[in-house]
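Peer 1: Sharing a structure here in structure tokens format.
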Amino acid sequence: MKQKTGFSSVVIVAGGSGTRMGRPKQMLPLGGKPVLVRTVEAFKNAPSVRQIVVVTPEENRAVLNAYFPDLVYADAGDTRLESVKNGFALTDPSARTVAVHDGARPLVSPVHIEACLTEAAEHGAAVLAVPVKDTIKICKDGAVEKTLDRSVLQAAQTPQCYRREVLAEALAKFGDEKDATDESQLVEKTGVKVRVVPSDYKNNKITTPEDLTFAEALVSENVQYRTGFGFDLHRLEAGRKLYLGGTEIPHTKGFLGHSDGDLVLHALCDAVLGALCAGEIGILFPPTDESIKGISSVTIAKKVLEIVRAHKAEIVHIDATVITQEPKIKPHYDAVRQSLAAVFEMPVESVSFKSKSHEHVGEIGRGEAAMCHAVATVKIMQ
């Protein structure tokens, strides 16, 4: 449901070090995208959210900028509460409501986000929560002292949403408390009743490796794999530079083309576009366009990567075979693989590159031309 009482800002807290995961959990891959990217996407799909403030270290921001050009960034504090305060200080003062969310909760539903914001706009404060499934016991010195009534217990999640003035008052009065584990505790102290909005168990916080496995299983339910085929052929001409897979190969001849003639990148780009059913590079970069004459094929590949992201997809494997009589390509296998991995922003372990001779048959066998066959596999999120 769409909130009818003004727009919302959100503060996504993603400043943790991830000690239990071995590295920052918010940047771990989840279904082909960093966890934090999926978190931001959920709020991008919430109609009333107009501003997203991400509290995260500088080194994470370049990755986010590749997906979202309009985020606001705040520096992380020494505690979660300090990070919330830093993020809240950068929220739009005209926002009616403000949501605070854990960066490591990537599977929150936009429907639940909107429901929580709407409840907060009406009552002042609201949190997402789910009923506790396990029996909870208070223990001391290795023994049970008391068993709690599970029927009245709720596990609080995020986002936790507030009218802006409610959160501002809570942070101003109790923002120095070090033992608070969430903002709703501070709001409760101001006398505002925090409403509970039903959520689901998918909105789990990724804290341990097991949590990530659970999240991967949920994401994989909506994954489709596709394979595309690409082909290119170019003549060799003396005096031109020879490019293969984004790297220059020493030779007396280079490929003749409207661009730099890198037939490996051309074939692979067409394979990727074919897997996406998104046309081919001749449509994106027509050879009749004189303004792009001599364009680097790396630039073409980066445009294809933009299309991949627009399709909510990920390239998971590429394989290219060059057929040429000259020069000898085998000494350059590793260099080309490394270059292709960098161009397509994927692990080198997922990149295959090889060559075959043409047994001195035809134009290719005479060293006048070369061709490339390529296959690409992409993973598409539905």
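How things are named: the first chain in the structure tokens is A, the next is B, and so on; residues count from 1 in each chain; ligands count from 1 in the order shown.
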So that I can see what lies close to Gly274 in chain A, please list as a PyMOL selection string the residues with an atom at most 8 Å from it, counting only C-alpha atoms and leaving out residues fewer than 2 positions away in the same chain.

Peer 2: chain A and resi 227-230+270-272+276-280

Peer 1: Give me the residues near range 112-118 of chain A as a PyMOL selection string, where near means some atom within 12 Å (using only C-alpha atoms) and where sequence neighbours in that chain fewer than 5 positions away do not count.

Peer 2: chain A and resi 1-10+39+42-49+95-101+107+123-130+157-164+194-203

Peer 1: Could those residues be written to a file, using N, CA and C atoms, as a short mmCIF file (atom, residue, chain, number, x, y, z; two decimals), in the first residue's frame?

Peer 2:
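Saved to part_35.cif:
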data_model
loop_
_atom_site.label_atom_id
_atom_site.label_comp_id
_atom_site.auth_asym_id
_atom_site.auth_seq_id
_atom_site.Cartn_x
_atom_site.Cartn_y
_atom_site.Cartn_z
N MET A 1 0.85 -1.19 0.00
CA MET A 1 0.00 0.00 0.00
C MET A 1 0.88 1.23 0.00
N LYS A 2 0.47 2.27 -0.65
CA LYS A 2 1.30 3.45 -0.74
C LYS A 2 0.97 4.43 0.39
N GLN A 3 2.06 4.89 1.01
CA GLN A 3 1.89 5.83 2.12
C GLN A 3 1.33 7.15 1.59
N LYS A 4 0.34 7.70 2.26
CA LYS A 4 -0.32 8.91 1.78
C LYS A 4 0.03 10.13 2.61
N THR A 5 1.03 10.00 3.45
CA THR A 5 1.33 11.12 4.36
C THR A 5 2.77 11.58 4.19
N GLY A 6 3.20 11.82 2.95
CA GLY A 6 4.54 12.34 2.71
C GLY A 6 5.52 11.23 2.36
N PHE A 7 6.68 11.65 1.83
CA PHE A 7 7.67 10.66 1.40
C PHE A 7 8.56 10.24 2.57
N SER A 8 9.37 9.24 2.31
CA SER A 8 10.20 8.66 3.37
C SER A 8 11.67 8.66 2.97
N SER A 9 12.52 8.77 3.99
CA SER A 9 13.95 8.53 3.84
C SER A 9 14.29 7.24 4.57
N VAL A 10 15.36 6.59 4.16
CA VAL A 10 15.80 5.38 4.85
C VAL A 10 17.29 5.49 5.14
N THR A 39 19.93 -5.23 -0.69
CA THR A 39 19.22 -4.48 0.34
C THR A 39 18.73 -3.15 -0.21
N ALA A 42 15.71 -3.41 -2.55
CA ALA A 42 14.41 -3.59 -1.89
C ALA A 42 13.77 -2.24 -1.60
N PHE A 43 14.57 -1.28 -1.14
CA PHE A 43 14.02 0.04 -0.81
C PHE A 43 13.78 0.87 -2.07
N LYS A 44 14.54 0.60 -3.13
CA LYS A 44 14.28 1.26 -4.41
C LYS A 44 12.90 0.87 -4.94
N ASN A 45 12.44 -0.32 -4.55
CA ASN A 45 11.14 -0.81 -5.00
C ASN A 45 10.00 -0.46 -4.05
N ALA A 46 10.30 0.30 -3.01
CA ALA A 46 9.25 0.76 -2.09
C ALA A 46 8.78 2.14 -2.56
N PRO A 47 7.53 2.30 -2.95
CA PRO A 47 7.08 3.53 -3.61
C PRO A 47 7.28 4.81 -2.83
N SER A 48 7.17 4.77 -1.50
CA SER A 48 7.23 6.02 -0.75
C SER A 48 8.65 6.45 -0.40
N VAL A 49 9.64 5.60 -0.66
CA VAL A 49 11.03 5.93 -0.33
C VAL A 49 11.63 6.77 -1.45
N ALA A 95 11.33 14.91 5.00
CA ALA A 95 10.78 13.55 4.99
C ALA A 95 9.78 13.39 6.13
N ARG A 96 8.63 12.81 5.83
CA ARG A 96 7.62 12.60 6.88
C ARG A 96 8.03 11.48 7.81
N THR A 97 8.56 10.41 7.24
CA THR A 97 8.96 9.25 8.04
C THR A 97 10.38 8.85 7.66
N VAL A 98 11.05 8.19 8.61
CA VAL A 98 12.41 7.70 8.41
C VAL A 98 12.46 6.23 8.82
N ALA A 99 13.01 5.40 7.95
CA ALA A 99 13.20 3.99 8.24
C ALA A 99 14.68 3.74 8.53
N VAL A 100 14.95 2.86 9.48
CA VAL A 100 16.32 2.44 9.77
C VAL A 100 16.38 0.94 9.51
N HIS A 101 17.37 0.53 8.70
CA HIS A 101 17.42 -0.87 8.26
C HIS A 101 18.84 -1.41 8.32
N LEU A 107 16.70 -9.46 2.03
CA LEU A 107 15.49 -10.06 1.46
C LEU A 107 14.21 -9.49 2.05
N HIS A 123 0.99 6.21 13.68
CA HIS A 123 1.12 6.03 15.13
C HIS A 123 2.43 6.56 15.71
N GLY A 124 3.38 6.94 14.87
CA GLY A 124 4.62 7.51 15.39
C GLY A 124 5.81 6.58 15.26
N ALA A 125 5.60 5.27 15.47
CA ALA A 125 6.71 4.33 15.40
C ALA A 125 6.17 2.94 15.11
N ALA A 126 6.94 2.15 14.34
CA ALA A 126 6.53 0.78 14.02
C ALA A 126 7.77 -0.04 13.67
N VAL A 127 7.72 -1.32 13.97
CA VAL A 127 8.81 -2.23 13.63
C VAL A 127 8.24 -3.48 12.96
N LEU A 128 9.01 -4.06 12.07
CA LEU A 128 8.66 -5.36 11.54
C LEU A 128 9.06 -6.43 12.56
N ALA A 129 8.25 -7.48 12.67
CA ALA A 129 8.55 -8.54 13.63
C ALA A 129 7.87 -9.83 13.20
N VAL A 130 8.39 -10.94 13.70
CA VAL A 130 7.80 -12.26 13.45
C VAL A 130 7.68 -12.99 14.78
N GLN A 157 12.64 -7.18 13.72
CA GLN A 157 13.47 -7.09 12.53
C GLN A 157 13.67 -5.61 12.18
N THR A 158 14.17 -5.38 11.01
CA THR A 158 14.19 -4.04 10.43
C THR A 158 13.59 -4.15 9.03
N PRO A 159 13.05 -3.02 8.49
CA PRO A 159 13.21 -1.69 9.00
C PRO A 159 12.36 -1.41 10.24
N GLN A 160 12.90 -0.47 11.03
CA GLN A 160 12.15 0.13 12.12
C GLN A 160 11.87 1.55 11.69
N CYS A 161 10.61 1.93 11.69
CA CYS A 161 10.18 3.16 11.04
C CYS A 161 9.56 4.14 12.04
N TYR A 162 9.79 5.42 11.77
CA TYR A 162 9.36 6.45 12.72
C TYR A 162 8.96 7.72 11.97
N ARG A 163 8.01 8.43 12.57
CA ARG A 163 7.87 9.81 12.12
C ARG A 163 9.18 10.52 12.44
N ARG A 164 9.59 11.41 11.58
CA ARG A 164 10.93 11.97 11.70
C ARG A 164 11.17 12.63 13.06
N VAL A 194 5.41 1.69 20.28
CA VAL A 194 5.92 1.18 19.01
C VAL A 194 5.01 0.07 18.51
N ARG A 195 4.43 0.26 17.35
CA ARG A 195 3.52 -0.71 16.77
C ARG A 195 4.30 -1.86 16.13
N VAL A 196 3.71 -3.04 16.10
CA VAL A 196 4.32 -4.22 15.51
C VAL A 196 3.61 -4.53 14.19
N VAL A 197 4.41 -4.64 13.12
CA VAL A 197 3.88 -4.95 11.79
C VAL A 197 4.36 -6.34 11.40
N PRO A 198 3.45 -7.26 11.06
CA PRO A 198 3.86 -8.63 10.72
C PRO A 198 4.80 -8.66 9.51
N SER A 199 5.86 -9.44 9.65
CA SER A 199 6.83 -9.62 8.58
C SER A 199 6.86 -11.09 8.20
N ASP A 200 7.97 -11.55 7.61
CA ASP A 200 8.13 -12.97 7.32
C ASP A 200 9.55 -13.39 7.67
N TYR A 201 9.79 -14.70 7.65
CA TYR A 201 11.08 -15.23 8.09
C TYR A 201 12.16 -15.13 7.02
N LYS A 202 11.79 -14.69 5.83
CA LYS A 202 12.80 -14.45 4.80
C LYS A 202 13.66 -13.23 5.14
N ASN A 203 13.08 -12.32 5.91
CA ASN A 203 13.78 -11.08 6.27
C ASN A 203 14.78 -11.37 7.39
#

Peer 1: Compare A:Pro250, A:Val72, A:Leu284, A:Val298 by their minimum atom-to-atom distance to Val343 in chain A, counting only C-alpha atoms, and give me the closest one.

Peer 2: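 Ranking A:Pro250, A:Val72, A:Leu284, A:Val298 by distance to Val343 in chain A, first place goes to A:Val298.
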
Peer 1: For Ser151 in chain A, which residue out of A:Thr377, A:Thr213, A:Thr135, A:Thr207 is the nearest one, using only C-alpha atoms?

Peer 2: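 Counting only C-alpha atoms, the residue closest to Ser151 in chain A is A:Thr135.
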
Peer 1: For Glu41 in chain A, which of A:His266, A:Lys312, A:Lys253, A:Arg235 is the closest residue, counting only C-alpha atoms?

Peer 2: A:Lys312

Peer 1: Apply DSSP to the structure's backbone, then extract all residues of range 267-318 of chain A labelled strand (DSSP E) and return them as a ChimeraX atom specification.

Peer 2: /A:313-318

Peer 1: Which value, in Å to one decimal, gives the distance between CA of Ala374 in chain A and CA of Val63 in chain A?

Peer 2: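 Computing it gives 27.9 Å between the two atoms.
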
Peer 1: Hey, what's within 12 Å of Pro24 in chain A if we count only C-alpha atoms and toss same-chain stuff fewer than 5 positions away? As a PyMOL selection string, please?

Peer 2: chain A and resi 14-19+29+34-36+56-57+59-60+103-104+206-209

Peer 1: Could you give me, as a VMD selection string, the residues within 7 Å of Thr91 in chain A, counting only C-alpha atoms and dropping anything in the same chain fewer than 3 positions from it?

Peer 2: chain A and resid 9 53 87 to 88

Peer 1: Among range 27-215 of chain A, which residues does DSSP mark as helix (DSSP H, G or I) when it is run on the backbone? Keep the chain and numbering as in the structure and answer as a ChimeraX atom specification.

Peer 2: /A:27,35-44,58-65,80-88,110-123,150-152,164-174,183-189,209-215
